Protein chains: 2
Amino acid sequence: MKELIEIEFKKLQDYICNELEKIDGKSLFQSDIWNRAEGGGGTTKTISNGNVIEKGGVAFSAVFGDVTSDMKRQLGTEGDVFFATGVSIVLHPNSPHFPIIHMNVRYFELDNGKYWFGGGIDLTPHYVIPENASIFHYDLKKVCDKYDSNFYEKFKVWADDYFFISHRNETRGVGGIFFDHLSEGNCSLNKEEIMQFCLKLGYSFPEIYNKQIQLQLSKSITDSQKKWQQIRRGRYVEFNLVHDRGTKFGLVSGGRTESILLSMPPTSMWEYNLVPENGSEEYNTLNFLKKGINWLDYKDK
Amino acid sequence: MKELIEIEFKKLQDYICNELEKIDGKSLFQSDIWNRAEGGGGTTKTISNGNVIEKGGVAFSAVFGDVTSDMKRQLGTEGDVFFATGVSIVLHPNSPHFPIIHMNVRYFELDNGKYWFGGGIDLTPHYVIPENASIFHYDLKKVCDKYDSNFYEKFKVWADDYFFISHRNETRGVGGIFFDHLSEGNCSLNKEEIMQFCLKLGYSFPEIYNKQIQLQLSKSITDSQKKWQQIRRGRYVEFNLVHDRGTKFGLVSGGRTESILLSMPPTSMWEYNLVPENGSEEYNTLNFLKKGINWLDYKDK
């Protein structure tokens, strides 16, 4: 089955890149095919300086090899040989009014028969508009509900907890869904259905993101909004390098640095102790970067 | 004695800021005084948009409190109450021809009688000029040699190992000196002398940095050099957030985020798989970002 999952994930990457090129309308993805000395490899597709996307990456990889002692510690399970495949996306848009978005679906198995799926989508608007966040969360709920009516609620809380910048006491954005270690024993789906759920999430991604773009298409941009975007990109860097388990584990365990850091923004800024003016759009955004907000409540203006 | 060390470190901060203002010739430091709920506090001095320094910070703190379980794990030693004081500096200059510089001196003690000093200075040129790196290392050697003729060699290797971006297989810059856990039992100096060594290092800092600036003062700047500076600043971010023990420990253990992230550059850039052209200045710089280079060998052109 792992061969099937690998093939399906590769097809998913191609589909998403094609759709994103249509959404962008200007730039095209460049492919970088790489091999891993220890086994397997991947195709990293990158796009830059588009109409919508300033810097983005859609990475596919399928790697295998001996389970290292680092991995054993991290996994907390036995096994001698692993196989891992996945698709990872981060898109940094040009406009501060378009949100940053991240998606990941992944599959991992060990030669002892254990396997699991993981993944998620989360949205990081530079300026939070609760009604748009609500649309995003309804879109995710719709995908989840097709497979298990408990998924959305469970995976939404999981995303709040995961995409949290503890040293800033801020969520990374308006969250989304996050799940890990999903396998036949611990959810209502069988292996084939979990794969279908992951694929459905992936195939829904371009439309979900495009909707967020279309909602903000007509907005003009000021210098102070561009600056705020740079500051929020800095926070994205902080989350990914300090807290994101995948990034940290990848970087210290000898993963492919350029693929792992595909998530980095094109540019970013830091300023000492920047505190937005009370009542400003930036101030309001910070007030929405909290865990536990029920975005579904913001459906109608 | 801890009161004396605290007073001396505070005086050192003031001296360094005064000297840096003279070197900069335009911007002045702004002071931010803060208190820590659990005990102690600090003064964070920041400077921005100067003639030389685009963004810089000189932080002083003196904090105390109960030893937490996190600290016990990190320290590997017992004790119920700790006291820590130090001065930390990171300067990000305007010009890509001026190097980024970092300095730190710190003192830590426990109520069980254990104490130690730590610190160091390291230089991160955007473009490595080995003759300038050599001058920098001779300056550090001169300070070290006054106290112990083995210090420079030992602390230079320590800096090479510490300021290493393992996921890039690059050193952060041309290194310098780094030392930790220095106390009467494990070096040739007594406690008072170790403090004097740390202070001497601190008082030498402005002149050491100014020399590096003066060497590069007349250089004009191209757009591609500005871009390379942004890329190297991105590497600085990567080192600090992924590898720097002080930063990581501070951020996850509830330290003061704005003080810890004073080291962040004003701006930075990331580009997928950027590989400088063979033989370019950028290419040559990467070839110098290696451990074990004896910079003293590059004395004369």
# chains A, B, ... in the order shown; residues from 1 in each chain; ligands from 1
>>> closest_atom_pairs(of="chain B", to="chain A", cutoff="7 Å", atoms="only C-alpha atoms", output="tab-separated table")
residue	atom	partner	partner_atom	distance
B:His167	CA	A:Leu251	CA	5.5
B:Leu241	CA	A:Val242	CA	5.7
B:Val242	CA	A:Leu241	CA	5.7
B:Leu251	CA	A:His167	CA	5.5
B:Val252	CA	A:His167	CA	6.6
B:Gly254	CA	A:His167	CA	6.8
B:Thr257	CA	A:His167	CA	6.2
B:Glu258	CA	A:Asn273	CA	6.0
B:Leu262	CA	A:Tyr272	CA	6.6
B:Met264	CA	A:Trp270	CA	6.3
B:Pro265	CA	A:Trp270	CA	6.4
B:Pro266	CA	A:Trp270	CA	5.0
B:Thr267	CA	A:Met269	CA	4.2
B:Ser268	CA	A:Ser268	CA	5.4
B:Met269	CA	A:Thr267	CA	4.2
B:Trp270	CA	A:Pro266	CA	5.0
B:Glu271	CA	A:Pro266	CA	6.3
B:Tyr272	CA	A:Glu258	CA	6.4
B:Asn273	CA	A:Glu258	CA	5.9
>>> select_by_dssp(residues="stretch 25-95 of chain B", states="strand (DSSP E or B)", output="PyMOL selection string")
chain B and resi 30-35+40-48+53-66+81-93
>>> select_by_dssp(residues="stretch 38-84 of chain A", states="helix (DSSP H, G or I)", output="list in words")
Ser69, Asp70, Met71, Lys72, Arg73, Gln74 and Leu75 of chain A
>>> write_last_selection(atoms="N, CA and C atoms", output="short mmCIF file (atom, residue, chain, number, x, y, z; two decimals), in the first residue's frame")
data_model
loop_
_atom_site.label_atom_id
_atom_site.label_comp_id
_atom_site.auth_asym_id
_atom_site.auth_seq_id
_atom_site.Cartn_x
_atom_site.Cartn_y
_atom_site.Cartn_z
N SER A 69 18.83 6.36 16.15
CA SER A 69 18.54 6.46 17.59
C SER A 69 17.76 7.74 17.88
N ASP A 70 18.05 8.83 17.14
CA ASP A 70 17.26 10.07 17.24
C ASP A 70 15.78 9.80 16.98
N MET A 71 15.52 9.04 15.91
CA MET A 71 14.14 8.76 15.54
C MET A 71 13.47 7.89 16.60
N LYS A 72 14.20 6.91 17.11
CA LYS A 72 13.64 6.03 18.15
C LYS A 72 13.19 6.86 19.35
N ARG A 73 14.03 7.81 19.75
CA ARG A 73 13.70 8.67 20.89
C ARG A 73 12.43 9.47 20.57
N GLN A 74 12.40 10.03 19.36
CA GLN A 74 11.27 10.88 18.97
C GLN A 74 9.98 10.06 18.81
N LEU A 75 10.10 8.89 18.23
CA LEU A 75 8.92 8.09 17.90
C LEU A 75 8.36 7.34 19.10
#
>>> residues_around(residues="stretch 103-120 of chain B", least_positions_apart="2", cutoff="8 Å", atoms="only C-alpha atoms", output="VMD selection string")
chain B and resid 5 78 to 90 101 122 159 176 to 183 194 to 195 198 to 199 202 205
>>> residues_around(residues="A:Phe164", least_positions_apart="5", cutoff="10 Å", atoms="only C-alpha atoms", output="PyMOL selection string")
chain A and resi 159+169-173+175+239+243-244+289-291
>>> calpha_fit_and_write(fixed="chain A", moving="chain B", output="CSV table (one decimal) with C-alpha atoms, in the first residue's frame")
chain,number,residue,atom,x,y,z
B,1,MET,CA,0.0,0.0,0.0
B,2,LYS,CA,2.9,2.4,0.7
B,3,GLU,CA,3.6,2.4,-3.1
B,4,LEU,CA,0.0,3.5,-3.7
B,5,ILE,CA,0.2,6.3,-1.1
B,6,GLU,CA,3.5,7.5,-2.6
B,7,ILE,CA,2.0,7.6,-6.1
B,8,GLU,CA,-1.2,9.4,-4.8
B,9,PHE,CA,0.9,12.0,-2.9
B,10,LYS,CA,3.0,12.7,-6.0
B,11,LYS,CA,-0.2,13.1,-8.1
B,12,LEU,CA,-1.5,15.4,-5.4
B,13,GLN,CA,1.6,17.6,-5.6
B,14,ASP,CA,1.2,18.0,-9.4
B,15,TYR,CA,-2.5,18.8,-9.1
B,16,ILE,CA,-1.9,21.4,-6.4
B,17,CYS,CA,0.9,23.1,-8.4
B,18,ASN,CA,-1.2,23.3,-11.5
B,19,GLU,CA,-4.1,24.8,-9.6
B,20,LEU,CA,-1.9,27.3,-7.8
B,21,GLU,CA,-0.4,28.4,-11.1
B,22,LYS,CA,-3.9,29.1,-12.4
B,23,ILE,CA,-4.7,31.1,-9.2
B,24,ASP,CA,-1.5,33.0,-9.4
B,25,GLY,CA,-1.9,33.8,-13.1
B,26,LYS,CA,1.8,34.8,-13.6
B,27,SER,CA,4.6,32.7,-12.2
B,28,LEU,CA,5.2,29.0,-12.7
B,29,PHE,CA,6.6,26.3,-10.4
B,30,GLN,CA,10.2,25.2,-10.9
B,31,SER,CA,11.0,21.6,-10.1
B,32,ASP,CA,14.0,20.5,-8.2
B,33,ILE,CA,14.4,16.7,-8.0
B,34,TRP,CA,16.8,15.3,-5.3
B,35,ASN,CA,17.9,12.0,-4.0
B,36,ARG,CA,18.8,11.0,-0.5
B,37,ALA,CA,22.0,9.0,0.0
B,38,GLU,CA,20.3,6.8,2.7
B,39,GLY,CA,17.3,6.0,0.5
B,40,GLY,CA,14.5,7.7,-1.5
B,41,GLY,CA,14.2,11.3,-2.5
B,42,GLY,CA,11.8,14.0,-3.6
B,43,THR,CA,10.6,16.7,-5.9
B,44,THR,CA,10.6,20.2,-4.4
B,45,LYS,CA,8.5,22.7,-6.5
B,46,THR,CA,9.0,26.4,-5.8
B,47,ILE,CA,7.3,29.5,-7.1
B,48,SER,CA,8.3,33.1,-6.6
B,49,ASN,CA,7.4,36.7,-7.5
B,50,GLY,CA,3.9,35.8,-8.8
B,51,ASN,CA,0.8,37.9,-8.9
B,52,VAL,CA,-0.4,36.4,-5.7
B,53,ILE,CA,2.5,34.3,-4.3
B,54,GLU,CA,5.7,36.0,-3.5
B,55,LYS,CA,7.4,32.8,-2.3
B,56,GLY,CA,5.9,29.4,-2.1
B,57,GLY,CA,6.9,25.8,-2.1
B,58,VAL,CA,5.1,22.5,-2.6
B,59,ALA,CA,7.3,19.7,-1.6
B,60,PHE,CA,6.9,16.0,-2.2
B,61,SER,CA,9.2,13.4,-0.7
B,62,ALA,CA,9.3,9.6,-0.2
B,63,VAL,CA,12.2,8.4,1.8
B,64,PHE,CA,13.2,5.2,3.6
B,65,GLY,CA,16.1,3.9,5.7
B,66,ASP,CA,17.3,2.6,9.0
B,67,VAL,CA,15.6,4.0,12.1
B,68,THR,CA,18.2,6.1,13.8
B,69,SER,CA,18.6,6.5,17.6
B,70,ASP,CA,17.3,10.1,17.3
B,71,MET,CA,14.1,8.8,15.6
B,72,LYS,CA,13.7,6.1,18.2
B,73,ARG,CA,13.7,8.7,20.9
B,74,GLN,CA,11.3,10.9,19.0
B,75,LEU,CA,8.9,8.1,17.9
B,76,GLY,CA,8.8,6.2,21.2
B,77,THR,CA,8.3,3.0,19.2
B,78,GLU,CA,10.5,0.2,17.9
B,79,GLY,CA,11.3,-0.8,14.3
B,80,ASP,CA,14.5,-1.0,12.2
B,81,VAL,CA,13.4,0.4,8.9
B,82,PHE,CA,11.1,3.3,8.2
B,83,PHE,CA,9.3,4.6,5.1
B,84,ALA,CA,7.9,8.2,5.0
B,85,THR,CA,6.1,10.1,2.3
B,86,GLY,CA,4.3,13.4,2.3
B,87,VAL,CA,3.3,16.6,0.7
B,88,SER,CA,4.1,19.9,2.4
B,89,ILE,CA,3.1,23.4,1.3
B,90,VAL,CA,3.8,26.9,2.6
B,91,LEU,CA,2.7,30.0,0.5
B,92,HIS,CA,3.8,33.5,1.4
B,93,PRO,CA,1.6,35.9,-0.6
B,94,ASN,CA,2.6,39.4,-1.9
B,95,SER,CA,-0.2,41.3,-0.3
B,96,PRO,CA,-0.5,41.8,3.4
B,97,HIS,CA,-4.2,41.3,2.9
B,98,PHE,CA,-3.7,37.7,1.6
B,99,PRO,CA,-3.1,35.1,4.3
B,100,ILE,CA,0.0,32.8,4.6
B,101,ILE,CA,-1.2,29.2,4.3
B,102,HIS,CA,0.3,25.9,5.2
B,103,MET,CA,-0.8,22.4,4.4
B,104,ASN,CA,0.8,19.0,5.0
B,105,VAL,CA,-0.3,15.4,4.6
B,106,ARG,CA,2.1,12.6,5.5
B,107,TYR,CA,2.4,8.9,5.9
B,108,PHE,CA,4.9,7.0,8.0
B,109,GLU,CA,5.4,3.3,8.5
B,110,LEU,CA,7.9,1.0,10.2
B,111,ASP,CA,8.9,-2.6,9.3
B,112,ASN,CA,7.2,-3.8,12.4
B,113,GLY,CA,3.8,-3.1,10.9
B,114,LYS,CA,3.1,0.2,12.7
B,115,TYR,CA,2.0,3.1,10.5
B,116,TRP,CA,0.2,6.4,10.8
B,117,PHE,CA,-1.0,9.4,8.9
B,118,GLY,CA,-0.7,13.0,9.9
B,119,GLY,CA,-1.4,16.4,8.5
B,120,GLY,CA,-3.3,19.6,8.6
B,121,ILE,CA,-4.0,23.0,7.1
B,122,ASP,CA,-3.7,26.2,9.0
B,123,LEU,CA,-4.1,29.9,8.0
B,124,THR,CA,-2.0,32.8,9.0
B,125,PRO,CA,-3.5,36.1,8.0
B,126,HIS,CA,-1.4,39.2,8.5
B,127,TYR,CA,-4.7,40.9,9.4
B,128,VAL,CA,-7.3,38.7,10.9
B,129,ILE,CA,-10.8,39.1,9.5
B,130,PRO,CA,-13.0,36.8,11.6
B,131,GLU,CA,-15.6,36.3,8.8
B,132,ASN,CA,-12.9,35.1,6.5
B,133,ALA,CA,-11.4,32.8,9.2
B,134,SER,CA,-14.9,31.5,9.6
B,135,ILE,CA,-15.2,30.6,5.9
B,136,PHE,CA,-11.9,28.8,6.2
B,137,HIS,CA,-13.0,26.8,9.2
B,138,TYR,CA,-16.3,25.9,7.6
B,139,ASP,CA,-14.4,24.7,4.5
B,140,LEU,CA,-12.2,22.5,6.7
B,141,LYS,CA,-15.2,21.2,8.7
B,142,LYS,CA,-16.9,20.3,5.4
B,143,VAL,CA,-14.0,18.1,4.4
B,144,CYS,CA,-13.7,16.5,7.9
B,145,ASP,CA,-17.4,15.9,8.2
B,146,LYS,CA,-17.4,13.6,5.2
B,147,TYR,CA,-15.2,11.2,7.1
B,148,ASP,CA,-15.9,11.6,10.7
B,149,SER,CA,-18.2,14.0,12.4
B,150,ASN,CA,-15.8,14.3,15.4
B,151,PHE,CA,-12.7,15.1,13.3
B,152,TYR,CA,-13.2,18.9,12.9
B,153,GLU,CA,-13.7,19.6,16.5
B,154,LYS,CA,-10.9,17.4,17.6
B,155,PHE,CA,-8.4,18.5,15.0
B,156,LYS,CA,-9.3,22.2,15.4
B,157,VAL,CA,-8.3,22.1,19.1
B,158,TRP,CA,-5.1,20.2,18.1
B,159,ALA,CA,-4.2,22.9,15.6
B,160,ASP,CA,-4.8,25.6,18.3
B,161,ASP,CA,-2.4,23.8,20.6
B,162,TYR,CA,0.2,23.0,17.9
B,163,PHE,CA,0.4,26.3,16.0
B,164,PHE,CA,1.1,28.2,19.2
B,165,ILE,CA,4.0,30.6,19.7
B,166,SER,CA,4.4,30.1,23.4
B,167,HIS,CA,7.2,32.7,23.8
B,168,ARG,CA,4.8,35.3,22.4
B,169,ASN,CA,1.7,33.9,23.9
B,170,GLU,CA,0.1,34.1,20.5
B,171,THR,CA,-1.3,31.5,18.1
B,172,ARG,CA,0.5,31.6,14.7
B,173,GLY,CA,-2.7,32.6,13.0
B,174,VAL,CA,-6.4,31.6,13.0
B,175,GLY,CA,-5.5,27.9,13.2
B,176,GLY,CA,-7.2,25.2,11.2
B,177,ILE,CA,-6.9,21.5,11.7
B,178,PHE,CA,-3.9,19.4,12.7
B,179,PHE,CA,-3.8,15.6,13.3
B,180,ASP,CA,-1.1,13.0,13.8
B,181,HIS,CA,-0.6,9.3,14.5
B,182,LEU,CA,-3.9,8.5,12.8
B,183,SER,CA,-4.3,4.8,12.1
B,184,GLU,CA,-7.1,2.2,11.9
B,185,GLY,CA,-7.0,1.5,15.6
B,186,ASN,CA,-7.5,5.0,16.9
B,187,CYS,CA,-10.2,6.5,14.7
B,188,SER,CA,-13.4,5.4,12.9
B,189,LEU,CA,-11.7,5.0,9.5
B,190,ASN,CA,-9.7,2.1,8.1
B,191,LYS,CA,-6.3,2.7,6.5
B,192,GLU,CA,-7.7,3.2,3.0
B,193,GLU,CA,-10.2,5.7,4.3
B,194,ILE,CA,-7.6,7.7,6.2
B,195,MET,CA,-5.6,7.9,3.0
B,196,GLN,CA,-8.7,9.2,1.2
B,197,PHE,CA,-9.3,11.7,3.9
B,198,CYS,CA,-5.7,13.0,3.6
B,199,LEU,CA,-6.1,13.2,-0.2
B,200,LYS,CA,-9.4,14.9,0.0
B,201,LEU,CA,-7.9,17.5,2.2
B,202,GLY,CA,-5.0,18.0,-0.2
B,203,TYR,CA,-7.3,18.2,-3.3
B,204,SER,CA,-9.5,20.8,-1.4
B,205,PHE,CA,-6.5,23.0,-0.6
B,206,PRO,CA,-6.3,25.1,-3.8
B,207,GLU,CA,-10.0,26.0,-3.7
B,208,ILE,CA,-9.9,26.8,0.0
B,209,TYR,CA,-6.9,29.1,-0.5
B,210,ASN,CA,-8.3,30.7,-3.6
B,211,LYS,CA,-11.5,31.6,-1.7
B,212,GLN,CA,-9.4,33.5,0.9
B,213,ILE,CA,-7.5,35.3,-1.9
B,214,GLN,CA,-10.7,36.3,-3.8
B,215,LEU,CA,-12.2,37.8,-0.6
B,216,GLN,CA,-9.3,40.2,-0.4
B,217,LEU,CA,-8.5,40.9,-4.0
B,218,SER,CA,-9.5,44.5,-4.3
B,219,LYS,CA,-7.7,45.8,-1.2
B,220,SER,CA,-5.1,48.5,-1.6
B,221,ILE,CA,-1.9,48.3,0.3
B,222,THR,CA,-0.2,51.0,2.5
B,223,ASP,CA,3.4,51.1,3.6
B,224,SER,CA,2.5,50.5,7.2
B,225,GLN,CA,0.5,47.4,6.2
B,226,LYS,CA,3.6,46.1,4.3
B,227,LYS,CA,5.7,46.7,7.4
B,228,TRP,CA,3.2,44.8,9.6
B,229,GLN,CA,3.3,41.9,7.1
B,230,GLN,CA,7.1,41.8,7.5
B,231,ILE,CA,6.7,41.7,11.3
B,232,ARG,CA,4.2,38.9,11.1
B,233,ARG,CA,6.5,37.0,8.7
B,234,GLY,CA,9.1,37.3,11.5
B,235,ARG,CA,6.7,35.6,13.9
B,236,TYR,CA,6.2,32.8,11.3
B,237,VAL,CA,10.0,32.3,11.3
B,238,GLU,CA,10.0,32.2,15.1
B,239,PHE,CA,7.3,29.6,15.2
B,240,ASN,CA,8.9,27.4,12.6
B,241,LEU,CA,12.4,27.5,13.9
B,242,VAL,CA,11.7,27.5,17.7
B,243,HIS,CA,8.5,25.4,18.0
B,244,ASP,CA,7.6,23.4,14.9
B,245,ARG,CA,8.5,19.8,15.8
B,246,GLY,CA,8.9,18.7,12.1
B,247,THR,CA,11.3,21.6,11.4
B,248,LYS,CA,13.4,21.1,14.5
B,249,PHE,CA,13.6,17.4,14.2
B,250,GLY,CA,14.4,17.6,10.5
B,251,LEU,CA,17.2,20.2,11.0
B,252,VAL,CA,19.0,18.4,13.9
B,253,SER,CA,18.6,14.9,12.4
B,254,GLY,CA,20.2,15.6,9.1
B,255,GLY,CA,17.1,16.3,6.9
B,256,ARG,CA,17.4,18.2,3.7
B,257,THR,CA,17.7,21.8,4.9
B,258,GLU,CA,16.5,23.5,1.7
B,259,SER,CA,13.3,21.4,1.7
B,260,ILE,CA,12.7,21.9,5.4
B,261,LEU,CA,13.2,25.7,5.2
B,262,LEU,CA,11.0,26.0,2.2
B,263,SER,CA,8.6,27.4,4.8
B,264,MET,CA,10.7,30.5,5.4
B,265,PRO,CA,9.2,33.8,4.1
B,266,PRO,CA,10.9,35.7,1.3
B,267,THR,CA,11.6,38.6,3.7
B,268,SER,CA,10.9,39.4,7.4
B,269,MET,CA,11.5,42.1,10.0
B,270,TRP,CA,12.1,42.4,13.7
B,271,GLU,CA,11.7,45.5,15.8
B,272,TYR,CA,12.3,45.8,19.5
B,273,ASN,CA,9.1,45.7,21.6
B,274,LEU,CA,6.7,46.8,18.8
B,275,VAL,CA,3.3,47.4,20.4
B,276,PRO,CA,0.5,48.3,18.0
B,277,GLU,CA,-1.6,51.3,18.9
B,278,ASN,CA,-4.8,50.6,20.8
B,279,GLY,CA,-7.7,50.0,18.5
B,280,SER,CA,-5.6,49.8,15.3
B,281,GLU,CA,-6.1,46.9,12.8
B,282,GLU,CA,-2.8,45.5,14.0
B,283,TYR,CA,-4.0,45.6,17.6
B,284,ASN,CA,-7.2,43.9,16.7
B,285,THR,CA,-5.4,41.2,14.9
B,286,LEU,CA,-3.3,40.4,18.0
B,287,ASN,CA,-6.5,40.1,20.0
B,288,PHE,CA,-7.6,37.3,17.6
B,289,LEU,CA,-4.4,35.4,17.9
B,290,LYS,CA,-5.7,33.2,20.8
B,291,LYS,CA,-6.5,29.6,21.3
B,292,GLY,CA,-10.1,28.5,21.7
B,293,ILE,CA,-11.8,31.0,19.4
B,294,ASN,CA,-14.8,29.3,17.8
B,295,TRP,CA,-14.5,30.7,14.3
B,296,LEU,CA,-17.7,29.1,13.2
B,297,ASP,CA,-19.5,31.7,15.3
B,298,TYR,CA,-18.3,34.5,13.0
B,299,LYS,CA,-20.2,33.2,10.0
B,300,ASP,CA,-22.4,36.2,9.3
B,301,LYS,CA,-21.4,39.8,9.5
>>> decode(residues="stretch 32-97 of chain A", atoms="C-alpha atoms", output="PDB file, in the first residue's frame")
ATOM      1  CA  ASP A  32      14.046  20.452  -8.126  1.00  0.00           C
ATOM      2  CA  ILE A  33      14.455  16.672  -8.017  1.00  0.00           C
ATOM      3  CA  TRP A  34      16.764  15.342  -5.333  1.00  0.00           C
ATOM      4  CA  ASN A  35      17.930  12.006  -4.012  1.00  0.00           C
ATOM      5  CA  ARG A  36      18.740  11.028  -0.485  1.00  0.00           C
ATOM      6  CA  ALA A  37      21.918   9.021   0.008  1.00  0.00           C
ATOM      7  CA  GLU A  38      20.299   6.802   2.671  1.00  0.00           C
ATOM      8  CA  GLY A  39      17.260   6.002   0.495  1.00  0.00           C
ATOM      9  CA  GLY A  40      14.532   7.726  -1.483  1.00  0.00           C
ATOM     10  CA  GLY A  41      14.247  11.350  -2.503  1.00  0.00           C
ATOM     11  CA  GLY A  42      11.776  13.970  -3.547  1.00  0.00           C
ATOM     12  CA  THR A  43      10.634  16.722  -5.836  1.00  0.00           C
ATOM     13  CA  THR A  44      10.602  20.228  -4.447  1.00  0.00           C
ATOM     14  CA  LYS A  45       8.509  22.688  -6.447  1.00  0.00           C
ATOM     15  CA  THR A  46       8.977  26.376  -5.813  1.00  0.00           C
ATOM     16  CA  ILE A  47       7.286  29.494  -7.109  1.00  0.00           C
ATOM     17  CA  SER A  48       8.259  33.129  -6.626  1.00  0.00           C
ATOM     18  CA  ASN A  49       7.376  36.700  -7.563  1.00  0.00           C
ATOM     19  CA  GLY A  50       3.893  35.814  -8.777  1.00  0.00           C
ATOM     20  CA  ASN A  51       0.751  37.905  -8.912  1.00  0.00           C
ATOM     21  CA  VAL A  52      -0.421  36.336  -5.656  1.00  0.00           C
ATOM     22  CA  ILE A  53       2.454  34.272  -4.296  1.00  0.00           C
ATOM     23  CA  GLU A  54       5.698  36.049  -3.442  1.00  0.00           C
ATOM     24  CA  LYS A  55       7.414  32.842  -2.323  1.00  0.00           C
ATOM     25  CA  GLY A  56       5.923  29.393  -2.105  1.00  0.00           C
ATOM     26  CA  GLY A  57       6.890  25.769  -2.063  1.00  0.00           C
ATOM     27  CA  VAL A  58       5.082  22.493  -2.634  1.00  0.00           C
ATOM     28  CA  ALA A  59       7.347  19.660  -1.568  1.00  0.00           C
ATOM     29  CA  PHE A  60       6.890  15.956  -2.164  1.00  0.00           C
ATOM     30  CA  SER A  61       9.191  13.357  -0.702  1.00  0.00           C
ATOM     31  CA  ALA A  62       9.277   9.603  -0.219  1.00  0.00           C
ATOM     32  CA  VAL A  63      12.219   8.423   1.842  1.00  0.00           C
ATOM     33  CA  PHE A  64      13.207   5.249   3.621  1.00  0.00           C
ATOM     34  CA  GLY A  65      16.082   3.913   5.644  1.00  0.00           C
ATOM     35  CA  ASP A  66      17.277   2.600   8.960  1.00  0.00           C
ATOM     36  CA  VAL A  67      15.583   3.953  12.063  1.00  0.00           C
ATOM     37  CA  THR A  68      18.219   6.080  13.818  1.00  0.00           C
ATOM     38  CA  SER A  69      18.537   6.462  17.585  1.00  0.00           C
ATOM     39  CA  ASP A  70      17.263  10.065  17.237  1.00  0.00           C
ATOM     40  CA  MET A  71      14.139   8.756  15.536  1.00  0.00           C
ATOM     41  CA  LYS A  72      13.644   6.033  18.153  1.00  0.00           C
ATOM     42  CA  ARG A  73      13.697   8.674  20.889  1.00  0.00           C
ATOM     43  CA  GLN A  74      11.273  10.883  18.969  1.00  0.00           C
ATOM     44  CA  LEU A  75       8.920   8.087  17.904  1.00  0.00           C
ATOM     45  CA  GLY A  76       8.795   6.148  21.123  1.00  0.00           C
ATOM     46  CA  THR A  77       8.317   2.947  19.174  1.00  0.00           C
ATOM     47  CA  GLU A  78      10.490   0.152  17.872  1.00  0.00           C
ATOM     48  CA  GLY A  79      11.292  -0.796  14.307  1.00  0.00           C
ATOM     49  CA  ASP A  80      14.425  -1.084  12.197  1.00  0.00           C
ATOM     50  CA  VAL A  81      13.406   0.364   8.829  1.00  0.00           C
ATOM     51  CA  PHE A  82      11.062   3.268   8.147  1.00  0.00           C
ATOM     52  CA  PHE A  83       9.268   4.644   5.117  1.00  0.00           C
ATOM     53  CA  ALA A  84       7.885   8.178   5.043  1.00  0.00           C
ATOM     54  CA  THR A  85       6.115  10.094   2.308  1.00  0.00           C
ATOM     55  CA  GLY A  86       4.295  13.393   2.312  1.00  0.00           C
ATOM     56  CA  VAL A  87       3.355  16.644   0.669  1.00  0.00           C
ATOM     57  CA  SER A  88       4.132  19.949   2.413  1.00  0.00           C
ATOM     58  CA  ILE A  89       3.106  23.418   1.350  1.00  0.00           C
ATOM     59  CA  VAL A  90       3.776  26.924   2.585  1.00  0.00           C
ATOM     60  CA  LEU A  91       2.718  29.947   0.539  1.00  0.00           C
ATOM     61  CA  HIS A  92       3.785  33.508   1.388  1.00  0.00           C
ATOM     62  CA  PRO A  93       1.614  35.912  -0.614  1.00  0.00           C
ATOM     63  CA  ASN A  94       2.609  39.359  -1.860  1.00  0.00           C
ATOM     64  CA  SER A  95      -0.223  41.296  -0.325  1.00  0.00           C
ATOM     65  CA  PRO A  96      -0.517  41.769   3.440  1.00  0.00           C
ATOM     66  CA  HIS A  97      -4.248  41.250   2.891  1.00  0.00           C
TER      67      HIS A  97
END
